Each structure stands twice: as structure tokens, then as C-alpha cells.
>>> print(open('coords.cif').read())   # mmCIF, C-alpha atoms
data_target
loop_
_atom_site.label_atom_id
_atom_site.label_comp_id
_atom_site.auth_asym_id
_atom_site.auth_seq_id
_atom_site.Cartn_x
_atom_site.Cartn_y
_atom_site.Cartn_z
CA MET A 96 4.56 -45.77 25.96
CA ASN A 97 1.53 -45.23 23.69
CA PHE A 98 0.40 -42.11 21.80
CA LEU A 99 -1.94 -40.91 24.56
CA GLU A 100 0.61 -41.37 27.36
CA GLU A 101 3.12 -39.43 25.25
CA ARG A 102 0.61 -36.65 24.72
CA ILE A 103 -0.17 -36.46 28.44
CA LEU A 104 3.53 -36.09 29.22
CA LYS A 105 3.83 -33.39 26.56
CA ASP A 106 0.70 -31.33 27.20
CA GLY A 107 -0.86 -32.47 30.48
CA VAL A 108 -0.41 -30.30 33.55
CA VAL A 109 -0.21 -31.73 37.06
CA LYS A 110 -1.84 -29.59 39.73
CA GLU A 111 -2.01 -29.88 43.49
CA GLY A 112 -4.47 -32.45 44.85
CA ASN A 113 -3.85 -35.10 42.17
CA VAL A 114 -5.49 -33.00 39.46
CA LEU A 115 -4.35 -33.78 35.92
CA LYS A 116 -5.37 -31.05 33.51
CA VAL A 117 -5.70 -32.26 29.94
CA ASP A 118 -8.07 -29.57 28.75
CA SER A 119 -5.71 -28.39 26.01
CA PHE A 120 -6.36 -31.56 23.99
CA LEU A 121 -9.03 -33.75 25.64
CA ASN A 122 -11.91 -31.92 27.28
CA HIS A 123 -12.17 -28.23 26.52
CA GLN A 124 -10.03 -27.88 23.44
CA MET A 125 -10.26 -31.26 21.71
CA ASP A 126 -7.71 -32.75 19.32
CA VAL A 127 -10.01 -34.77 17.09
CA GLN A 128 -7.09 -36.39 15.26
CA LEU A 129 -6.04 -37.81 18.63
CA PHE A 130 -9.62 -39.03 19.16
CA ASP A 131 -9.37 -40.73 15.77
CA GLN A 132 -6.25 -42.59 16.95
CA MET A 133 -8.11 -43.56 20.12
CA GLY A 134 -10.96 -44.91 17.99
CA ALA A 135 -8.56 -47.09 16.01
CA GLU A 136 -7.06 -48.42 19.24
CA PHE A 137 -10.47 -49.18 20.80
CA ALA A 138 -11.53 -50.94 17.57
CA LYS A 139 -8.47 -53.17 18.03
CA ARG A 140 -9.06 -53.83 21.74
CA PHE A 141 -12.78 -54.60 21.28
CA ALA A 142 -12.41 -56.47 17.99
CA GLY A 143 -14.94 -59.28 17.55
CA LYS A 144 -17.48 -57.82 20.00
CA PRO A 145 -20.95 -57.25 18.49
CA ILE A 146 -21.01 -53.54 19.42
CA ASN A 147 -23.96 -51.74 17.83
CA LYS A 148 -24.17 -48.60 19.99
CA ILE A 149 -21.84 -46.23 21.85
CA LEU A 150 -23.04 -44.84 25.19
CA THR A 151 -21.44 -41.80 26.80
CA ILE A 152 -22.30 -38.89 29.10
CA GLU A 153 -22.33 -35.17 28.48
CA ALA A 154 -20.41 -33.06 28.04
CA SER A 155 -16.77 -34.05 27.60
CA GLY A 156 -17.48 -37.68 26.69
CA ILE A 157 -19.44 -36.68 23.58
CA GLY A 158 -16.55 -35.54 21.38
CA ILE A 159 -14.46 -38.65 22.01
CA ALA A 160 -17.45 -40.99 21.62
CA SER A 161 -18.52 -39.38 18.33
CA VAL A 162 -15.13 -39.77 16.67
CA VAL A 163 -14.57 -43.24 18.18
CA ALA A 164 -17.97 -44.33 16.79
CA LEU A 165 -16.70 -43.81 13.24
CA HIS A 166 -14.51 -46.88 13.93
CA PHE A 167 -17.61 -48.97 14.77
CA PRO A 168 -19.60 -48.82 11.51
CA GLY A 169 -23.34 -48.55 11.98
CA ALA A 170 -23.11 -47.74 15.70
CA PRO A 171 -24.73 -44.43 16.67
CA VAL A 172 -23.78 -42.57 19.85
CA VAL A 173 -26.30 -42.06 22.65
CA PHE A 174 -25.31 -39.58 25.29
CA ALA A 175 -26.79 -39.50 28.77
CA LYS A 176 -28.03 -36.05 29.70
CA LYS A 177 -27.44 -34.44 33.04
CA SER A 178 -30.78 -32.69 33.53
CA GLN A 179 -34.30 -33.25 32.30
CA SER A 180 -34.94 -31.35 29.08
CA ILE A 181 -38.45 -30.43 28.07
CA ASN A 182 -37.55 -31.67 24.57
CA LEU A 183 -37.08 -35.21 25.88
CA ASP A 184 -40.15 -37.40 26.13
CA GLY A 185 -41.06 -38.46 29.64
CA ASP A 186 -40.15 -42.09 29.18
CA ILE A 187 -36.60 -42.24 30.47
CA TYR A 188 -34.03 -44.35 32.27
CA THR A 189 -32.37 -42.42 35.06
CA ALA A 190 -29.53 -42.84 37.55
CA GLU A 191 -27.90 -40.65 40.15
CA VAL A 192 -24.29 -39.59 39.58
CA GLU A 193 -22.00 -37.71 41.93
CA SER A 194 -19.53 -35.33 40.32
CA PHE A 195 -16.10 -35.13 41.90
CA THR A 196 -15.20 -32.14 39.72
CA HIS A 197 -18.31 -30.10 40.35
CA LYS A 198 -18.93 -31.40 43.88
CA ASN A 199 -22.62 -32.06 43.31
CA THR A 200 -25.09 -34.80 42.39
CA ASN A 201 -26.76 -35.03 39.00
CA HIS A 202 -29.51 -37.16 37.64
CA VAL A 203 -28.42 -38.59 34.32
CA LEU A 204 -31.04 -39.77 31.90
CA VAL A 205 -31.45 -41.57 28.62
CA SER A 206 -34.68 -41.81 26.64
CA LYS A 207 -36.11 -45.34 26.57
CA LYS A 208 -36.46 -44.94 22.80
CA TYR A 209 -32.70 -45.13 22.31
CA LEU A 210 -31.62 -47.99 24.58
CA GLY A 211 -33.05 -51.49 24.83
CA PRO A 212 -32.43 -55.25 25.15
CA ASP A 213 -31.07 -55.50 21.59
CA ASP A 214 -28.24 -53.07 22.28
CA HIS A 215 -24.64 -54.19 22.68
CA LEU A 216 -22.87 -51.21 24.16
CA LEU A 217 -19.42 -49.78 24.19
CA ILE A 218 -19.38 -47.18 26.97
CA ILE A 219 -16.93 -44.32 26.31
CA ASP A 220 -15.77 -41.55 28.63
CA ASP A 221 -12.80 -39.22 28.93
CA PHE A 222 -11.90 -39.80 32.59
CA LEU A 223 -12.26 -42.56 35.16
CA ALA A 224 -11.41 -41.78 38.77
CA ASN A 225 -13.84 -42.92 41.47
CA GLY A 226 -16.12 -44.29 38.75
CA CYS A 227 -19.38 -42.57 39.69
CA ALA A 228 -20.27 -41.47 36.16
CA LEU A 229 -19.47 -44.93 34.82
CA GLN A 230 -21.56 -46.64 37.49
CA GLY A 231 -24.48 -44.43 36.48
CA LEU A 232 -24.10 -45.40 32.82
CA ILE A 233 -23.85 -49.11 33.70
CA GLN A 234 -26.96 -48.78 35.88
CA ILE A 235 -28.83 -47.25 32.92
CA ALA A 236 -27.61 -50.03 30.59
CA ILE A 237 -28.87 -52.63 33.08
CA GLN A 238 -32.26 -50.89 33.38
CA ALA A 239 -32.53 -51.03 29.58
CA GLY A 240 -31.65 -54.73 29.46
CA ALA A 241 -28.74 -53.85 27.18
CA THR A 242 -25.42 -55.73 27.14
CA VAL A 243 -22.25 -53.85 28.10
CA GLU A 244 -19.68 -55.31 25.71
CA GLY A 245 -16.90 -53.08 26.92
CA ILE A 246 -15.83 -49.79 28.42
CA GLY A 247 -13.28 -47.51 26.78
CA ILE A 248 -11.69 -44.70 28.80
CA ALA A 249 -9.07 -42.17 27.75
CA VAL A 250 -7.43 -41.48 31.12
CA GLU A 251 -7.85 -43.58 34.26
CA LYS A 252 -6.53 -42.50 37.64
CA GLY A 253 -5.21 -45.92 38.66
CA PHE A 254 -4.67 -44.82 42.24
CA GLN A 255 -8.42 -44.27 42.73
CA ALA A 256 -10.87 -47.12 43.22
CA GLY A 257 -13.13 -46.77 40.15
CA GLY A 258 -11.20 -48.93 37.69
CA ARG A 259 -10.59 -51.78 40.11
CA MET A 260 -14.27 -51.97 41.09
CA ILE A 261 -15.43 -52.02 37.47
CA ARG A 262 -12.91 -54.75 36.56
CA ASN A 263 -13.93 -56.74 39.65
CA LEU A 264 -17.48 -56.74 38.28
CA GLY A 265 -16.16 -58.57 35.20
CA TYR A 266 -16.36 -55.78 32.63
CA GLN A 267 -13.71 -55.43 29.93
CA LEU A 268 -12.43 -51.99 30.84
CA GLU A 269 -9.76 -50.57 28.54
CA SER A 270 -8.11 -47.33 29.61
CA LEU A 271 -5.63 -45.95 27.11
CA ALA A 272 -3.57 -44.28 29.83
CA ILE A 273 -3.60 -45.38 33.47
CA VAL A 274 -1.96 -42.85 35.76
CA GLU A 275 -0.32 -44.58 38.75
CA SER A 276 1.01 -41.45 40.39
CA MET A 277 1.51 -37.74 39.81
CA ASP A 278 3.77 -35.18 41.42
CA ASP A 279 2.77 -31.56 41.08
CA LYS A 280 6.09 -30.33 42.50
CA ASN A 281 8.19 -31.62 39.60
CA GLY A 282 5.30 -32.15 37.15
CA THR A 283 5.92 -35.89 36.65
CA VAL A 284 3.33 -38.53 35.75
CA GLU A 285 3.90 -42.30 36.11
CA PHE A 286 1.81 -44.71 34.03
CA ARG A 287 0.87 -48.33 34.74
CA PRO A 288 2.67 -50.53 32.17
CA GLN A 289 0.17 -52.06 29.71
CA MET B 94 -33.52 -32.01 -1.44
CA ASN B 95 -30.24 -32.80 0.34
CA PHE B 96 -29.32 -35.71 2.61
CA LEU B 97 -30.19 -33.88 5.86
CA GLU B 98 -33.56 -32.63 4.60
CA GLU B 99 -34.37 -36.18 3.51
CA ARG B 100 -33.40 -37.51 6.92
CA ILE B 101 -35.56 -34.92 8.69
CA LEU B 102 -38.57 -35.95 6.59
CA LYS B 103 -37.84 -39.62 7.36
CA ASP B 104 -37.04 -39.47 11.10
CA GLY B 105 -37.95 -36.00 12.39
CA VAL B 106 -41.13 -35.59 14.41
CA VAL B 107 -43.19 -32.39 14.37
CA LYS B 108 -44.76 -31.50 17.72
CA GLU B 109 -47.17 -28.78 18.74
CA GLY B 110 -45.68 -25.32 19.15
CA ASN B 111 -43.26 -25.51 16.20
CA VAL B 112 -41.09 -28.12 17.92
CA LEU B 113 -39.08 -30.32 15.55
CA LYS B 114 -37.73 -33.37 17.34
CA VAL B 115 -34.60 -34.80 15.72
CA ASP B 116 -33.25 -36.55 18.79
CA SER B 117 -33.23 -39.96 17.11
CA PHE B 118 -30.30 -38.94 14.90
CA LEU B 119 -29.01 -35.46 15.79
CA ASN B 120 -28.98 -34.57 19.46
CA HIS B 121 -29.60 -37.45 21.85
CA GLN B 122 -28.92 -40.45 19.68
CA MET B 123 -26.38 -39.25 17.12
CA ASP B 124 -25.80 -40.74 13.67
CA VAL B 125 -22.10 -40.05 13.27
CA GLN B 126 -22.09 -41.20 9.64
CA LEU B 127 -24.59 -38.41 8.97
CA PHE B 128 -22.28 -35.99 10.82
CA ASP B 129 -19.48 -37.15 8.53
CA GLN B 130 -21.60 -36.25 5.49
CA MET B 131 -22.30 -32.87 7.10
CA GLY B 132 -18.56 -32.36 7.55
CA ALA B 133 -17.92 -33.04 3.87
CA GLU B 134 -20.65 -30.55 2.91
CA PHE B 135 -19.32 -27.83 5.24
CA ALA B 136 -15.79 -28.41 3.86
CA LYS B 137 -17.23 -27.69 0.41
CA ARG B 138 -19.22 -24.61 1.48
CA PHE B 139 -16.30 -23.08 3.42
CA ALA B 140 -13.58 -24.12 0.96
CA GLY B 141 -10.69 -21.64 0.76
CA LYS B 142 -11.32 -20.12 4.18
CA PRO B 143 -8.29 -20.27 6.53
CA ILE B 144 -10.20 -22.11 9.26
CA ASN B 145 -7.89 -23.32 12.04
CA LYS B 146 -10.36 -23.94 14.88
CA ILE B 147 -13.95 -25.11 15.36
CA LEU B 148 -15.99 -23.42 18.09
CA THR B 149 -19.18 -24.96 19.47
CA ILE B 150 -21.26 -25.08 22.65
CA GLU B 151 -22.12 -27.96 24.94
CA ALA B 152 -23.79 -30.33 24.84
CA SER B 153 -25.42 -31.25 21.54
CA GLY B 154 -23.05 -29.19 19.39
CA ILE B 155 -20.02 -31.19 20.48
CA GLY B 156 -20.71 -34.40 18.57
CA ILE B 157 -21.36 -32.67 15.26
CA ALA B 158 -18.39 -30.31 15.70
CA SER B 159 -16.00 -33.17 16.52
CA VAL B 160 -16.84 -35.19 13.42
CA VAL B 161 -17.02 -32.07 11.21
CA ALA B 162 -13.53 -31.07 12.45
CA LEU B 163 -12.05 -34.20 10.84
CA HIS B 164 -12.82 -32.46 7.53
CA PHE B 165 -10.73 -29.43 8.54
CA PRO B 166 -7.27 -30.96 9.05
CA GLY B 167 -5.34 -29.51 11.97
CA ALA B 168 -8.34 -27.70 13.44
CA PRO B 169 -9.17 -28.69 17.03
CA VAL B 170 -12.63 -28.18 18.53
CA VAL B 171 -13.16 -25.80 21.43
CA PHE B 172 -16.51 -26.07 23.16
CA ALA B 173 -18.00 -23.31 25.27
CA LYS B 174 -19.09 -24.60 28.67
CA LYS B 175 -22.35 -23.67 30.29
CA SER B 176 -21.21 -23.37 33.91
CA GLN B 177 -17.94 -22.58 35.61
CA SER B 178 -15.98 -25.77 36.32
CA ILE B 179 -13.41 -25.82 39.08
CA ASN B 180 -11.10 -27.58 36.62
CA LEU B 181 -11.04 -24.51 34.37
CA ASP B 182 -8.52 -21.79 35.13
CA GLY B 183 -10.02 -18.46 36.11
CA ASP B 184 -8.98 -16.64 32.97
CA ILE B 185 -12.07 -16.93 30.78
CA TYR B 186 -14.19 -15.25 28.14
CA THR B 187 -17.83 -15.28 29.10
CA ALA B 188 -21.21 -14.37 27.59
CA GLU B 189 -24.82 -14.68 28.67
CA VAL B 190 -27.05 -17.03 26.68
CA GLU B 191 -30.79 -17.55 27.01
CA SER B 192 -32.07 -21.06 26.38
CA PHE B 193 -35.39 -21.34 24.60
CA THR B 194 -35.52 -25.09 25.30
CA HIS B 195 -34.73 -24.94 28.99
CA LYS B 196 -36.32 -21.52 29.60
CA ASN B 197 -33.36 -20.17 31.56
CA THR B 198 -30.20 -18.09 31.20
CA ASN B 199 -26.71 -19.59 31.21
CA HIS B 200 -23.29 -18.10 31.32
CA VAL B 201 -21.15 -19.72 28.64
CA LEU B 202 -17.41 -19.59 28.96
CA VAL B 203 -14.24 -20.40 27.10
CA SER B 204 -10.77 -20.41 28.59
CA LYS B 205 -8.57 -17.58 27.25
CA LYS B 206 -5.89 -20.20 26.64
CA TYR B 207 -7.84 -21.72 23.77
CA LEU B 208 -9.07 -18.70 21.81
CA GLY B 209 -7.12 -15.68 20.58
CA PRO B 210 -6.42 -13.20 17.77
CA ASP B 211 -4.70 -15.85 15.61
CA ASP B 212 -7.82 -18.01 15.46
CA HIS B 213 -9.96 -18.27 12.34
CA LEU B 214 -13.14 -19.90 13.50
CA LEU B 215 -15.83 -22.06 12.05
CA ILE B 216 -18.71 -21.98 14.55
CA ILE B 217 -20.79 -25.17 14.53
CA ASP B 218 -24.10 -25.92 16.24
CA ASP B 219 -27.00 -28.31 15.78
CA PHE B 220 -29.90 -25.83 15.86
CA LEU B 221 -30.49 -22.18 15.06
CA ALA B 222 -33.81 -20.64 16.05
CA ASN B 223 -33.75 -17.25 17.78
CA GLY B 224 -29.94 -17.31 17.67
CA CYS B 225 -29.17 -16.70 21.34
CA ALA B 226 -26.54 -19.43 21.63
CA LEU B 227 -24.88 -18.30 18.42
CA GLN B 228 -24.83 -14.66 19.52
CA GLY B 229 -23.06 -15.78 22.71
CA LEU B 230 -20.42 -17.66 20.72
CA ILE B 231 -19.88 -14.70 18.38
CA GLN B 232 -19.58 -12.40 21.39
CA ILE B 233 -16.89 -14.70 22.83
CA ALA B 234 -15.05 -14.80 19.47
CA ILE B 235 -15.06 -10.98 19.37
CA GLN B 236 -13.77 -10.77 22.96
CA ALA B 237 -10.92 -13.07 21.92
CA GLY B 238 -10.10 -10.99 18.85
CA ALA B 239 -10.63 -14.10 16.73
CA THR B 240 -12.03 -14.04 13.18
CA VAL B 241 -15.35 -15.79 12.51
CA GLU B 242 -14.79 -17.27 9.05
CA GLY B 243 -18.14 -18.94 8.94
CA ILE B 244 -21.02 -20.54 10.81
CA GLY B 245 -22.29 -24.03 10.04
CA ILE B 246 -25.67 -25.13 11.38
CA ALA B 247 -27.48 -28.43 10.92
CA VAL B 248 -31.10 -27.27 11.22
CA GLU B 249 -32.27 -23.64 11.06
CA LYS B 250 -35.82 -22.60 11.85
CA GLY B 251 -36.16 -20.13 9.01
CA PHE B 252 -39.38 -18.67 10.41
CA GLN B 253 -37.55 -17.41 13.52
CA ALA B 254 -35.35 -14.34 13.48
CA GLY B 255 -31.92 -15.78 14.38
CA GLY B 256 -30.66 -16.65 10.90
CA ARG B 257 -31.72 -13.37 9.31
CA MET B 258 -30.03 -11.31 12.05
CA ILE B 259 -26.76 -13.24 11.73
CA ARG B 260 -26.75 -12.91 7.92
CA ASN B 261 -27.56 -9.18 8.24
CA LEU B 262 -24.39 -8.84 10.30
CA GLY B 263 -22.44 -10.11 7.29
CA TYR B 264 -21.50 -13.58 8.48
CA GLN B 265 -21.40 -16.52 6.08
CA LEU B 266 -24.06 -18.67 7.72
CA GLU B 267 -24.65 -22.06 6.11
CA SER B 268 -27.57 -24.11 7.41
CA LEU B 269 -27.86 -27.55 5.85
CA ALA B 270 -31.64 -27.60 6.33
CA ILE B 271 -33.77 -24.45 6.70
CA VAL B 272 -37.28 -25.21 7.88
CA GLU B 273 -39.77 -22.66 6.51
CA SER B 274 -42.86 -24.15 8.12
CA MET B 275 -44.07 -27.18 10.03
CA ASP B 276 -47.49 -28.63 10.62
CA ASP B 277 -47.92 -30.93 13.60
CA LYS B 278 -51.43 -31.98 12.51
CA ASN B 279 -50.28 -33.76 9.35
CA GLY B 280 -46.58 -33.99 10.29
CA THR B 281 -45.30 -32.05 7.27
CA VAL B 282 -42.11 -29.96 7.06
CA GLU B 283 -41.39 -27.43 4.31
CA PHE B 284 -37.78 -26.44 3.56
CA ARG B 285 -36.41 -23.24 2.05
CA PRO B 286 -34.99 -24.08 -1.41
CA GLN B 287 -31.17 -23.80 -1.41
#
>>> encode(input="coords.cif", output="C-alpha cells")
Amino acid sequence: MNFLEERILKDGVVKEGNVLKVDSFLNHQMDVQLFDQMGAEFAKRFAGKPINKILTIEASGIGIASVVALHFPGAPVVFAKKSQSINLDGDIYTAEVESFTHKNTNHVLVSKKYLGPDDHLLIIDDFLANGCALQGLIQIAIQAGATVEGIGIAVEKGFQAGGRMIRNLGYQLESLAIVESMDDKNGTVEFRPQ
Amino acid sequence: MNFLEERILKDGVVKEGNVLKVDSFLNHQMDVQLFDQMGAEFAKRFAGKPINKILTIEASGIGIASVVALHFPGAPVVFAKKSQSINLDGDIYTAEVESFTHKNTNHVLVSKKYLGPDDHLLIIDDFLANGCALQGLIQIAIQAGATVEGIGIAVEKGFQAGGRMIRNLGYQLESLAIVESMDDKNGTVEFRPQ
């Protein structure tokens, strides 16, 4: 069992409806030392790839991506925004993303200035379930002509379809913890062996 | 002139209406090595303060806060959210925040689980202009009974009222770059000497 799986067992809370709450350390309160460990692990798993940029999506992906990026020297983070800001120039890549959590549809967008054919991307996000956010980010990378070198996720819900679809497309998807099943009655979490 | 002021002169873009665009390195594409330098500088300026938590607000504060937090060992980051998520428990602190950029009003919220009377906060954000976001964060800190040990800002617009009001309230507010004036016709930026 790795450091993230251990932390989920210690501080994660299983709620009805296959909800895993990790907001005490991952996505509301954020343990940046844990993110630093995640960065070291992603650097190992994606060693040798010519990654020069990290792509993520607001809001909860930003903290992880920023600390992880310190393990990929010279790679800045670009985060996709969820609504058009008047401070962004008009020239943007955009994709539609459904949110399972918020039960709505967002347009995500990235300025064309910060993504292009020379970019070799590591996509980072906190959660992967049905994969909608990730599909939006991949769609934006494709629009930009960038290369997706890999995808690093903190927690994947292995019993939902997102991870399988992304792997079937040939992407190197590395999830530090893959939840196979949860039981809110006794609070247990089972992980896929890695 | 410090490292951030130099970077603003190099990569910032002055637009009509006193808009300073720094989205190539601060708040869309993010230079995390620069954030690391900012963290070292804040650690110096707030040395000796018993800071045990970093408070920020989504979205563009999160990246800076997460990297800065690595310079305050043991301090997690809590970010205030801008809309109620169904994954957050109902027990929240909330404040109203106007957005100059988006020309609207948001409720920001922090779960009561992650802020309380034992917390000694460093509040971090990317920009300070009229101070509305910051006032919302301070209001939430006060609701929680937490102590605001200091406030660290990347770029302050010194010609707007936010910084002066916060300093008049007695807070230690440290802005790494304070813009005194900008001229979009010749692209110049003048900083307040520190």
C-alpha cells in the first residue's frame, strides 16, 4: 500500500452513493507535503518523457499541479478556466465539460498563447471518475496540437468508466490510488493492487 | 528592484483602464519556480510568526499558496470556494465578495472543519486592488476565531484603496510588488520603493 492509499484509509470518509470525501487533505484543505510526495512519485513514473508543461483544471487540480510541477524543472503549470474571464484575450481553446459533483456543464478554456504544438504535456488532476474533465483537457491539448505525454491522477474511482476509456485510447494514465470499491456502512475502501 | 518587479517589467502587459496582465507567469500560466522564490521571501518577511495554516481563495490564489506553503513546514493550505459544492458539508463560514474582474458578487465559503480558534493564518493571494476578496477572507477568519498573522500578496495596485485600508486595520500586509502607476501608451510600470 502506498502513501496516498494509507492516507485515504486514515483520513478519507466514505459517504452514501460511492462518495469518497478527501477534502481534509486533498481538495479543500490541502496537505502540500503530501503533494510533494505525489510529485516525486509522478517524476518516477514519467521519467524519460520530455514533459515541458503541466496542464490542469481549476480549482482543485491547481494546488496538486503546482507542487508536482516543482518536480519537472522548467515546466510551468497552465490551468484551464471554467468560465470566460474578461482578463483573458479572446483567442482561446475551449471544450465542454460535465461536472458530476456540481451537476452542470461548464465550458473550459485555455488561452492559445499558453498551449501549442511544441508542448509536451503532463495532465494532472485530483480525481478521475467518469473522466469528463479529463476528456475536456485532452480535447484542448489536441486542438492545440500539443502532445499528451502522460496523465497523473491522485484518486481514481476504478469502478467508473473514465480510467478504462482513457487507457483504451493509449494514454499513459497513472493514478496513485485506484479505488475498486467502497462501503459507507463500515467505512471500508478497497484499492486495486498496483 | 526585486525578482517579481523585474519579472513584471519583462513579461507583464499594461492594458487600457489600468489593467496589468500577468497571466503568462502568475495566474493562467504559472511559473512555479517564481512561486518558490515568493515563498522564500514571504518566509523571511513573516519569520517568527506562529503560522500554522495558509488561507487563500480559488482559483488563481491556489497555485501560489500551495508552493508558498512548502516554506511554512506543517502548514496546510485551505482555499475558500466561490460556490457551494454538494461535496462540502453544510457547516460553513461564508462571506460575500465582489469581483472587479468578473463584475459580479460571489459567496465564498470555507468548511468549519478546516478553520478554527487555534489557527494562525497567513492569507495569500495573487492580486490586491480594491481588496474585496481579501476582506472576505478576513471576515471568514474572524468568524472562525482564527488569528490573521499576516497577508502575503504578489501584486498590489498601490493606487487603489485596498492595501491602505488593510494596513490601517493593523494587519501586516506584504506585497512583493506594489504598482504605483501604469501607462498603457508606452507600456511602463512604476513601483513603490520598498
>>> atom_distance(input="coords.cif", atom1="CA of Glu275 in chain A", atom2="CA of Ser119 in chain A")
21.3 Å
>>> resolve_selection(input="coords.cif", expression="the PyMOL selection byres ((chain B and resi 97-104) around 8)", output="PyMOL selection string")
chain B and resi 94-96+105-106+115+117-118+127+247+269-270+281-282+284
>>> closest_residue(input="coords.cif", among="A:Leu150, A:Met133, A:Ala142, A:Leu217", to="chain B", atoms="all atoms listed in the file")
A:Leu150
>>> resolve_selection(input="coords.cif", expression="the PyMOL selection byres ((chain A) within 6 of (chain B))", output="PyMOL selection string")
chain A and resi 123-126+154+157-158+161-162+171-174
>>> calpha_fit_rmsd(input="coords.cif", fixed="chain A", moving="chain B")
0.0 Å
>>> resolve_selection(input="coords.cif", expression="the PyMOL selection byres ((chain B and resi 199) around 7)", output="ChimeraX atom specification")
/B:175,189-191,197-198,200-201
